[in-house]
$ cat run.cif   # mmCIF, C-alpha atoms and all ligand atoms
data_coords
#
loop_
_atom_site.label_atom_id
_atom_site.label_comp_id
_atom_site.auth_asym_id
_atom_site.auth_seq_id
_atom_site.Cartn_x
_atom_site.Cartn_y
_atom_site.Cartn_z
CA THR X 222 -11.53 -6.84 -13.97
CA HIS X 223 -8.04 -6.52 -12.53
CA PRO X 224 -6.61 -9.70 -11.02
CA VAL X 225 -4.39 -8.62 -8.11
CA LEU X 226 -1.98 -9.90 -5.52
CA LEU X 227 -2.06 -7.72 -2.41
CA ASP X 228 1.05 -7.43 -0.26
CA VAL X 229 0.21 -5.83 3.08
CA ASP X 230 1.38 -4.88 6.60
CA THR X 231 -2.11 -4.54 8.09
CA GLY X 232 -2.13 -1.76 9.49
CA ILE X 233 -5.08 0.61 9.75
CA ASP X 234 -4.99 1.83 6.17
CA ASP X 235 -4.05 -1.60 4.78
CA ALA X 236 -7.27 -2.83 6.41
CA MET X 237 -9.24 -0.19 4.51
CA ALA X 238 -7.43 -1.20 1.32
CA ILE X 239 -8.37 -4.86 1.84
CA LEU X 240 -12.02 -3.91 2.41
CA PHE X 241 -11.98 -1.80 -0.75
CA ALA X 242 -10.34 -4.53 -2.84
CA VAL X 243 -12.79 -7.18 -1.71
CA ALA X 244 -15.75 -4.88 -2.35
CA HIS X 245 -14.87 -3.40 -5.73
CA PRO X 246 -16.46 -5.24 -8.67
CA ASP X 247 -13.48 -4.56 -10.98
CA ILE X 248 -10.92 -6.10 -8.61
CA GLU X 249 -10.32 -9.80 -8.13
CA VAL X 250 -8.07 -10.51 -5.14
CA LEU X 251 -6.23 -13.74 -5.97
CA ALA X 252 -4.11 -13.86 -2.81
CA ILE X 253 -2.82 -11.70 0.03
CA THR X 254 0.74 -11.83 1.32
CA CYS X 255 1.94 -10.39 4.61
CA VAL X 256 5.16 -8.69 5.67
CA ALA X 257 6.48 -6.95 8.77
CA GLY X 258 6.09 -3.18 8.60
CA ASN X 259 3.48 -1.26 10.55
CA THR X 260 3.52 -4.12 13.03
CA SER X 261 5.00 -7.59 13.51
CA LEU X 262 4.42 -10.33 10.92
CA GLU X 263 2.24 -12.28 13.38
CA ASN X 264 0.02 -9.23 13.95
CA VAL X 265 -0.18 -8.55 10.22
CA VAL X 266 -1.40 -12.07 9.46
CA ALA X 267 -3.93 -12.07 12.33
CA ASN X 268 -5.21 -8.60 11.42
CA THR X 269 -5.57 -9.48 7.74
CA LEU X 270 -7.67 -12.55 8.53
CA LYS X 271 -9.89 -10.53 10.90
CA VAL X 272 -10.55 -7.93 8.22
CA LEU X 273 -11.51 -10.62 5.71
CA ASP X 274 -14.00 -11.98 8.25
CA ILE X 275 -15.63 -8.61 8.73
CA ALA X 276 -15.93 -8.15 4.96
CA ASP X 277 -17.42 -11.66 4.75
CA ALA X 278 -14.87 -12.26 2.01
CA PRO X 279 -14.58 -15.57 0.17
CA ALA X 280 -11.69 -17.91 1.01
CA ILE X 281 -8.74 -15.86 -0.29
CA PRO X 282 -5.35 -17.44 0.46
CA VAL X 283 -3.31 -15.40 2.95
CA ALA X 284 0.35 -16.25 3.51
CA ALA X 285 3.04 -15.01 5.87
CA GLY X 286 6.27 -13.70 4.36
CA SER X 287 9.27 -11.85 5.74
CA ARG X 288 9.43 -10.98 9.39
CA ARG X 289 12.12 -8.34 8.88
CA PRO X 290 13.71 -6.25 6.13
CA LEU X 291 16.61 -7.60 4.05
CA ILE X 292 19.35 -5.82 6.01
CA GLU X 293 17.99 -4.03 9.05
CA PRO X 294 15.86 -5.20 11.97
CA ALA X 295 12.09 -4.58 11.84
CA ARG X 296 11.11 -1.16 13.18
CA SER X 297 7.35 -0.99 13.42
CA SER X 298 5.72 2.31 14.21
CA HIS X 299 3.24 2.63 17.07
CA VAL X 300 0.94 4.78 15.02
CA HIS X 301 -1.31 1.78 14.44
CA GLY X 302 -1.66 0.68 18.09
CA VAL X 303 -0.15 -2.27 19.95
CA ASP X 304 -1.91 -4.81 17.70
CA GLY X 305 -1.24 -2.76 14.57
CA LEU X 306 -4.94 -2.23 13.96
CA GLY X 307 -5.91 0.49 16.40
CA ASP X 308 -6.50 -1.96 19.30
CA LEU X 309 -10.19 -2.29 18.42
CA GLY X 310 -10.58 -5.73 20.01
CA LEU X 311 -11.77 -7.46 16.82
CA PRO X 312 -12.62 -11.15 17.19
CA VAL X 313 -9.85 -13.62 16.35
CA SER X 314 -10.46 -15.22 12.95
CA GLU X 315 -11.02 -18.91 12.40
CA ARG X 316 -9.52 -18.72 8.93
CA THR X 317 -6.14 -20.42 8.71
CA PRO X 318 -3.20 -18.93 6.83
CA ASP X 319 -1.93 -20.66 3.70
CA PRO X 320 1.00 -22.94 4.64
CA ARG X 321 3.20 -21.64 1.81
CA HIS X 322 5.70 -18.82 2.27
CA ALA X 323 4.43 -15.57 0.75
CA ILE X 324 6.83 -15.73 -2.18
CA ASP X 325 5.73 -19.27 -3.06
CA LEU X 326 2.07 -18.31 -2.89
CA MET X 327 2.84 -15.31 -5.13
CA ARG X 328 4.78 -17.39 -7.62
CA ASP X 329 2.17 -20.16 -7.80
CA THR X 330 -0.60 -17.59 -8.22
CA LEU X 331 1.25 -15.66 -10.93
CA LEU X 332 2.12 -18.76 -12.94
CA ALA X 333 -1.42 -20.17 -12.67
CA ALA X 334 -3.17 -16.95 -13.73
CA THR X 335 -4.64 -16.77 -17.21
CA GLU X 336 -3.56 -13.14 -17.67
CA PRO X 337 -0.85 -10.90 -16.17
CA VAL X 338 -1.54 -9.93 -12.55
CA THR X 339 -1.07 -6.56 -10.85
CA ILE X 340 0.93 -6.73 -7.64
CA VAL X 341 -0.39 -4.05 -5.29
CA ALA X 342 2.36 -3.49 -2.71
CA LEU X 343 1.11 -1.58 0.34
CA ALA X 344 4.00 -2.29 2.68
CA PRO X 345 7.80 -2.50 2.78
CA GLN X 346 8.76 -4.39 -0.39
CA THR X 347 10.74 -7.21 1.24
CA ASN X 348 8.46 -9.99 -0.05
CA ILE X 349 8.38 -8.58 -3.58
CA ALA X 350 12.17 -8.26 -3.70
CA LEU X 351 12.65 -11.84 -2.50
CA LEU X 352 10.10 -13.07 -5.06
CA LEU X 353 11.92 -11.31 -7.91
CA ARG X 354 15.32 -12.53 -6.78
CA GLN X 355 14.24 -16.12 -6.17
CA TYR X 356 11.84 -16.52 -9.11
CA PRO X 357 12.76 -14.11 -11.92
CA ASP X 358 10.61 -16.23 -14.25
CA VAL X 359 7.53 -14.52 -12.78
CA VAL X 360 8.29 -11.11 -14.32
CA PRO X 361 6.39 -11.71 -17.61
CA HIS X 362 3.35 -12.69 -15.53
CA ILE X 363 3.29 -9.35 -13.69
CA ALA X 364 1.13 -6.69 -15.33
CA ARG X 365 2.56 -4.00 -13.07
CA ILE X 366 3.83 -3.44 -9.55
CA LEU X 367 1.65 -0.68 -8.14
CA PHE X 368 3.30 0.34 -4.92
CA MET X 369 2.34 2.69 -2.14
CA GLY X 370 5.67 4.15 -1.22
CA GLY X 371 8.09 6.95 -1.71
CA SER X 372 7.54 10.61 -2.37
CA ALA X 373 8.52 13.17 -4.95
CA SER X 374 8.57 15.79 -2.18
CA GLY X 375 9.12 15.20 1.56
CA GLY X 376 8.97 12.06 3.70
CA ASN X 377 7.12 10.86 6.77
CA ALA X 378 9.53 8.37 8.40
CA THR X 379 12.37 10.88 7.96
CA PRO X 380 12.40 14.37 6.44
CA VAL X 381 12.98 12.79 3.02
CA ALA X 382 11.92 9.11 3.26
CA GLU X 383 8.46 7.56 3.21
CA PHE X 384 7.91 4.70 5.69
CA ASN X 385 7.53 1.70 3.33
CA VAL X 386 10.68 2.53 1.36
CA TRP X 387 12.58 3.64 4.47
CA HIS X 388 11.79 0.35 6.24
CA ASP X 389 13.47 -1.69 3.50
CA PRO X 390 15.30 0.52 1.00
CA GLU X 391 17.31 -2.34 -0.53
CA ALA X 392 14.08 -4.20 -1.28
CA ALA X 393 12.60 -1.15 -3.00
CA ALA X 394 15.79 -0.79 -5.06
CA ILE X 395 15.64 -4.45 -6.14
CA VAL X 396 12.02 -4.01 -7.22
CA LEU X 397 12.82 -0.90 -9.28
CA ASP X 398 15.82 -2.62 -10.87
CA SER X 399 13.84 -5.75 -11.78
CA GLY X 400 12.52 -4.44 -15.05
CA ALA X 401 8.91 -5.15 -14.06
CA PRO X 402 6.72 -2.13 -14.91
CA ALA X 403 6.15 -0.08 -11.77
CA PHE X 404 3.70 2.62 -10.71
CA MET X 405 4.46 4.72 -7.64
CA TYR X 406 1.56 5.92 -5.50
CA GLY X 407 3.55 7.98 -3.03
CA LEU X 408 2.97 10.52 -0.28
CA ASP X 409 2.32 13.29 -2.82
CA VAL X 410 -1.11 11.74 -3.42
CA PHE X 411 -1.43 9.46 -0.37
CA ASN X 412 -1.65 12.39 2.04
CA GLN X 413 -4.40 14.14 0.13
CA VAL X 414 -7.29 11.69 0.25
CA VAL X 415 -9.25 12.27 3.44
CA ILE X 416 -12.69 11.26 4.67
CA ALA X 417 -14.38 14.08 6.57
CA GLU X 418 -15.43 13.34 10.12
CA SER X 419 -19.12 13.68 9.20
CA ASP X 420 -18.75 10.99 6.50
CA ALA X 421 -16.96 8.71 8.98
CA ASP X 422 -19.83 9.25 11.43
CA ALA X 423 -22.33 8.32 8.71
CA LEU X 424 -20.38 5.12 8.02
CA ALA X 425 -20.47 4.25 11.72
CA ALA X 426 -24.24 4.65 11.66
CA SER X 427 -24.65 2.64 8.44
CA GLY X 428 -25.36 -0.58 10.32
CA THR X 429 -22.90 -2.80 8.43
CA ALA X 430 -19.92 -4.44 10.14
CA SER X 431 -17.58 -3.21 7.38
CA GLY X 432 -18.91 0.34 7.69
CA ARG X 433 -18.46 0.30 11.45
CA LEU X 434 -14.90 -1.07 11.15
CA THR X 435 -13.96 1.53 8.53
CA ALA X 436 -15.36 4.32 10.70
CA ALA X 437 -13.48 3.03 13.74
CA LEU X 438 -10.24 2.94 11.74
CA LEU X 439 -10.79 6.48 10.46
CA HIS X 440 -11.66 7.73 13.93
CA SER X 441 -8.59 6.10 15.47
CA GLN X 442 -6.45 8.16 13.09
CA MET X 443 -8.31 11.35 13.92
CA ALA X 444 -7.55 10.73 17.58
CA ASP X 445 -3.83 10.41 16.84
CA PRO X 446 -1.93 13.67 17.27
CA GLU X 447 1.02 12.33 15.23
CA GLU X 448 -1.09 11.65 12.14
CA GLU X 449 -0.22 13.84 9.21
CA GLN X 450 -2.76 16.63 8.78
CA ALA X 451 -4.23 16.73 5.29
CA THR X 452 -4.82 19.99 3.47
CA ASP X 453 -6.85 21.01 0.50
CA ALA X 454 -7.13 24.33 -1.31
CA ALA X 455 -9.17 25.75 1.57
CA GLY X 456 -6.64 24.77 4.27
CA PRO X 457 -6.38 21.91 6.78
CA VAL X 458 -9.04 19.19 6.54
CA TYR X 459 -10.13 17.37 9.68
CA GLY X 460 -10.71 13.72 8.94
CA GLY X 461 -9.09 10.33 8.45
CA HIS X 462 -6.86 9.23 5.59
CA ILE X 463 -7.87 6.35 3.36
CA GLY X 464 -4.10 5.84 2.97
CA ASP X 465 -3.21 2.60 1.22
CA ALA X 466 -6.77 2.26 -0.09
CA GLY X 467 -5.90 5.12 -2.43
CA ALA X 468 -3.52 2.82 -4.33
CA LEU X 469 -6.51 0.62 -5.18
CA CYS X 470 -8.47 3.69 -6.25
CA ALA X 471 -5.50 4.34 -8.57
CA LEU X 472 -5.93 0.88 -10.03
CA VAL X 473 -9.61 1.29 -10.91
CA ASP X 474 -9.73 5.06 -11.51
CA PRO X 475 -6.34 6.27 -12.79
CA GLU X 476 -8.01 9.17 -14.64
CA ALA X 477 -8.32 11.02 -11.33
CA LEU X 478 -4.52 11.22 -11.12
CA ARG X 479 -1.90 13.39 -12.73
CA ILE X 480 0.80 10.89 -13.62
CA GLY X 481 4.36 11.66 -14.72
CA ARG X 482 6.86 9.24 -16.19
CA HIS X 483 10.19 9.84 -14.47
CA PRO X 484 13.50 8.21 -13.59
CA VAL X 485 13.36 7.10 -9.94
CA ARG X 486 16.14 5.77 -7.77
CA ILE X 487 16.39 4.84 -4.13
CA GLU X 488 18.95 6.50 -1.88
CA LEU X 489 20.62 3.83 0.26
CA ALA X 490 23.21 5.79 2.24
CA GLY X 491 23.43 8.38 4.98
CA VAL X 492 20.76 10.80 6.10
CA GLY X 493 18.90 10.39 2.83
CA ARG X 494 18.53 6.62 3.25
CA GLY X 495 15.14 5.51 1.97
CA GLN X 496 14.49 8.60 -0.14
CA THR X 497 12.96 8.08 -3.58
CA ILE X 498 14.80 10.48 -5.86
CA VAL X 499 12.26 11.35 -8.56
CA ASP X 500 13.95 13.13 -11.44
CA ARG X 501 11.44 15.63 -12.78
CA ARG X 502 13.99 17.83 -14.57
CA ARG X 503 13.46 16.82 -18.18
CA ARG X 504 11.58 14.46 -20.38
CA VAL X 505 12.66 10.87 -20.62
CA GLY X 506 14.92 10.24 -23.59
CA GLU X 507 16.92 13.41 -23.24
CA ASP X 508 20.46 13.38 -21.97
CA VAL X 509 20.27 13.57 -18.17
CA HIS X 510 22.86 13.16 -15.45
CA HIS X 511 21.71 10.70 -12.84
CA GLY X 512 24.61 10.74 -10.41
CA GLY X 513 25.80 7.53 -8.80
CA GLY X 514 26.22 4.35 -10.80
CA GLY X 515 23.78 2.62 -13.12
CA GLU X 516 20.58 3.67 -14.77
CA ALA X 517 17.55 4.88 -12.86
CA ALA X 518 14.33 2.95 -13.55
CA VAL X 519 11.83 5.01 -15.51
CA ILE X 520 8.39 4.51 -13.98
CA ASP X 521 4.95 6.11 -13.67
CA VAL X 522 4.63 8.38 -10.65
CA ALA X 523 1.32 9.72 -9.33
CA LEU X 524 1.91 13.42 -8.70
CA ASP X 525 -1.53 14.80 -7.95
CA VAL X 526 -5.05 13.50 -7.35
CA ASP X 527 -8.64 14.62 -7.42
CA ALA X 528 -8.91 13.79 -3.72
CA ALA X 529 -12.66 14.36 -3.40
CA ARG X 530 -13.25 11.89 -6.22
CA TYR X 531 -11.23 9.17 -4.46
CA ALA X 532 -12.93 9.88 -1.13
CA ARG X 533 -16.32 9.40 -2.82
CA LEU X 534 -15.13 6.25 -4.65
CA PHE X 535 -13.90 4.86 -1.34
CA LEU X 536 -17.17 5.53 0.52
CA ASP X 537 -19.32 4.17 -2.32
CA THR X 538 -17.22 1.01 -2.53
CA ILE X 539 -17.20 0.30 1.23
CA ALA X 540 -21.00 0.73 1.16
CA ARG X 541 -21.24 -2.40 -1.01
CA LEU X 542 -19.98 -4.61 1.83
CA PRO X 543 -22.09 -6.32 4.51
C1 LIG Y 601 2.71 3.71 4.59
O1 LIG Y 601 3.28 3.31 5.82
C2 LIG Y 601 2.31 2.66 6.61
O2 LIG Y 601 2.23 3.28 7.87
C3 LIG Y 601 1.00 2.75 5.89
O3 LIG Y 601 0.27 1.54 6.03
C4 LIG Y 601 1.37 3.03 4.47
O4 LIG Y 601 1.50 1.85 3.71
C5 LIG Y 601 2.67 5.22 4.55
O5 LIG Y 601 3.96 5.76 4.62
CA CA Y 602 0.72 -0.29 4.61
#

$ encode --input "run.cif" --output "structure tokens"
Amino acid sequence: THPVLLDVDTGIDDAMAILFAVAHPDIEVLAITCVAGNTSLENVVANTLKVLDIADAPAIPVAAGSRRPLIEPARSSHVHGVDGLGDLGLPVSERTPDPRHAIDLMRDTLLAATEPVTIVALAPQTNIALLLRQYPDVVPHIARILFMGGSASGGNATPVAEFNVWHDPEAAAIVLDSGAPAFMYGLDVFNQVVIAESDADALAASGTASGRLTAALLHSQMADPEEEQATDAAGPVYGGHIGDAGALCALVDPEALRIGRHPVRIELAGVGRGQTIVDRRRRVGEDVHHGGGGEAAVIDVALDVDAARYARLFLDTIARLP
């Protein structure tokens, strides 16, 4: 099994990722940390606790972290509704958040674990950057930082920048520079994994609370005209994205991905701010010109995915929940 720390901005697709992580037998969620992103920190914490209730999850510690990026103010999108979770009117949870700050919960969890832990970062990387700056002694306890963020092609927040990196580019740069092994699950794969409307309807009819929630989250995306339209070889696909849940599919089923190992750096200035510049020109080890100062971090980048396989994995995993 993979012991993981989840860092989230719940968030419609973060909610689906939490459900998946709780359900999958090869994933052990040690703790969940929250950060401002899709919605305010308060909403993220409340939404995360509600999702754990619906999954009937065990008592997993959930802690609040940063309420804004390192430099800029928070700029949540309205794609996820006023409450950040599609305004579904879910009951308020009686679980209480852990009193520690997110970075202290992460540090304590990492140092107490009996094996290195994967940090799955599904949000702007503010908490992770603060953790690495404040407690660099945790790095040997991190198996890998698997982050949803960035793109080797175009962006969604801007023409070139993906939302999580765009929301806190300095944090993403600190994480890449930390020396911890990183794995980028970016828009190149994120946008591909879609649940067809008929499968979402079947989930809604499945009779479980988790199935009904997942279907409602998928349907709320389908109703949103601003949502990115997915395509497959046959053309546009009508459905809902599993989004961040795909990063957890990447953890348990990396064989469905085409992965490249490339130098990646974060653009911090001007119109390109928040872009992940993925250098796919040559193989690592050859003499390449990076531009700018310093070395680019060489990391694994997911470039393509067997999307139907992840859609099936997602549905089968959600079906395990009550
Ligand atoms: C990312 O931004 C958020 O809207 C989603 O939850 C996902 O983590 C996609 O760019
Ligand atoms: Ca997210």

$ residues_near_ligand --input "run.cif" --ligand "ligand CA 602 (chain Y)" --cutoff "10 Å" --atoms "all atoms listed in the file" --output "PDB file with C-alpha atoms, keeping the file's coordinate frame"
ATOM      1  CA  ASP X 228       1.050  -7.430  -0.260  1.00  0.00           C
ATOM      2  CA  VAL X 229       0.210  -5.830   3.080  1.00  0.00           C
ATOM      3  CA  ASP X 230       1.380  -4.880   6.600  1.00  0.00           C
ATOM      4  CA  THR X 231      -2.110  -4.540   8.090  1.00  0.00           C
ATOM      5  CA  GLY X 232      -2.130  -1.760   9.490  1.00  0.00           C
ATOM      6  CA  ILE X 233      -5.080   0.610   9.750  1.00  0.00           C
ATOM      7  CA  ASP X 234      -4.990   1.830   6.170  1.00  0.00           C
ATOM      8  CA  ASP X 235      -4.050  -1.600   4.780  1.00  0.00           C
ATOM      9  CA  ALA X 236      -7.270  -2.830   6.410  1.00  0.00           C
ATOM     10  CA  MET X 237      -9.240  -0.190   4.510  1.00  0.00           C
ATOM     11  CA  ALA X 238      -7.430  -1.200   1.320  1.00  0.00           C
ATOM     12  CA  VAL X 256       5.160  -8.690   5.670  1.00  0.00           C
ATOM     13  CA  ALA X 257       6.480  -6.950   8.770  1.00  0.00           C
ATOM     14  CA  GLY X 258       6.090  -3.180   8.600  1.00  0.00           C
ATOM     15  CA  ASN X 259       3.480  -1.260  10.550  1.00  0.00           C
ATOM     16  CA  THR X 260       3.520  -4.120  13.030  1.00  0.00           C
ATOM     17  CA  ALA X 342       2.360  -3.490  -2.710  1.00  0.00           C
ATOM     18  CA  LEU X 343       1.110  -1.580   0.340  1.00  0.00           C
ATOM     19  CA  ALA X 344       4.000  -2.290   2.680  1.00  0.00           C
ATOM     20  CA  PRO X 345       7.800  -2.500   2.780  1.00  0.00           C
ATOM     21  CA  PHE X 368       3.300   0.340  -4.920  1.00  0.00           C
ATOM     22  CA  MET X 369       2.340   2.690  -2.140  1.00  0.00           C
ATOM     23  CA  GLY X 370       5.670   4.150  -1.220  1.00  0.00           C
ATOM     24  CA  PHE X 384       7.910   4.700   5.690  1.00  0.00           C
ATOM     25  CA  ASN X 385       7.530   1.700   3.330  1.00  0.00           C
ATOM     26  CA  GLY X 464      -4.100   5.840   2.970  1.00  0.00           C
ATOM     27  CA  ASP X 465      -3.210   2.600   1.220  1.00  0.00           C
ATOM     28  CA  ALA X 466      -6.770   2.260  -0.090  1.00  0.00           C
TER      29      ALA X 466
END

$ closest_residue --input "run.cif" --among "X:Pro312, X:Pro290, X:Gly302, X:Gly515" --to "Thr347 in chain X" --atoms "all atoms listed in the file"
X:Pro290

$ closest_residue --input "run.cif" --among "X:Asp247, X:Asp420, X:Glu315, X:Asp398" --to "Cys470 in chain X" --atoms "only C-alpha atoms"
X:Asp247

$ residues_near_point --input "run.cif" --point "(-3.9, -0.8, 19.1)" --cutoff "12 Å" --atoms "all atoms listed in the file" --output "PyMOL selection string"
chain X and resi 231-233+259-260+264+268+298-311+437-438+441-442+445

$ residues_near_point --input "run.cif" --point "(-1.3, -12.3, -10.8)" --cutoff "12 Å" --atoms "all atoms listed in the file" --output "VMD selection string"
chain X and resid 223 to 228 248 to 253 326 to 341 359 to 366

$ atom_distance --input "run.cif" --atom1 "CA of Ala278 in chain X" --atom2 "CA of Arg533 in chain X"
22.2 Å

$ closest_residue --input "run.cif" --among "X:Gly432, X:Gly493, X:Pro390, X:Pro543" --to "Glu293 in chain X" --atoms "only C-alpha atoms"
X:Pro390

$ atom_distance --input "run.cif" --atom1 "CA of Val283 in chain X" --atom2 "CA of His440 in chain X"
26.9 Å

$ residues_around --input "run.cif" --residues "Ser419 in chain X" --least-positions-apart "5" --cutoff "12 Å" --atoms "all atoms listed in the file" --output "list in words"
Leu424, Ala425, Ala426, Ala436, Leu439, His440, Val458, Tyr459, Gly460 and Gly461 of chain X

$ closest_residue --input "run.cif" --among "X:Val265, X:Leu536, X:Val473, X:Ala490" --to "ligand LIG 601 (chain Y)" --atoms "only C-alpha atoms and all ligand atoms"
X:Val265

$ decode --input "run.cif" --residues "range 238-262 of chain X" --atoms "C-alpha atoms" --output "PDB file, in the first residue's frame"
ATOM      1  CA  ALA X 238     -10.039  12.383  -5.299  1.00  0.00           C
ATOM      2  CA  ILE X 239     -10.720  12.102  -1.562  1.00  0.00           C
ATOM      3  CA  LEU X 240     -13.465   9.529  -2.185  1.00  0.00           C
ATOM      4  CA  PHE X 241     -11.122   7.547  -4.426  1.00  0.00           C
ATOM      5  CA  ALA X 242      -8.246   7.666  -1.932  1.00  0.00           C
ATOM      6  CA  VAL X 243     -10.417   6.527   0.956  1.00  0.00           C
ATOM      7  CA  ALA X 244     -11.900   3.711  -1.131  1.00  0.00           C
ATOM      8  CA  HIS X 245      -8.816   2.285  -2.810  1.00  0.00           C
ATOM      9  CA  PRO X 246      -7.307  -0.706  -0.975  1.00  0.00           C
ATOM     10  CA  ASP X 247      -3.732   0.205  -1.995  1.00  0.00           C
ATOM     11  CA  ILE X 248      -3.915   3.735  -0.563  1.00  0.00           C
ATOM     12  CA  GLU X 249      -3.630   4.640   3.098  1.00  0.00           C
ATOM     13  CA  VAL X 250      -4.562   8.278   3.749  1.00  0.00           C
ATOM     14  CA  LEU X 251      -2.524   9.343   6.785  1.00  0.00           C
ATOM     15  CA  ALA X 252      -3.723  12.955   6.867  1.00  0.00           C
ATOM     16  CA  ILE X 253      -5.354  15.631   4.731  1.00  0.00           C
ATOM     17  CA  THR X 254      -4.198  19.236   4.631  1.00  0.00           C
ATOM     18  CA  CYS X 255      -6.188  22.145   3.246  1.00  0.00           C
ATOM     19  CA  VAL X 256      -5.201  25.273   1.341  1.00  0.00           C
ATOM     20  CA  ALA X 257      -6.991  28.150  -0.364  1.00  0.00           C
ATOM     21  CA  GLY X 258      -7.408  27.597  -4.099  1.00  0.00           C
ATOM     22  CA  ASN X 259     -10.695  26.657  -5.723  1.00  0.00           C
ATOM     23  CA  THR X 260     -12.390  28.313  -2.766  1.00  0.00           C
ATOM     24  CA  SER X 261     -11.575  29.907   0.593  1.00  0.00           C
ATOM     25  CA  LEU X 262      -9.668  27.966   3.254  1.00  0.00           C
TER      26      LEU X 262
END
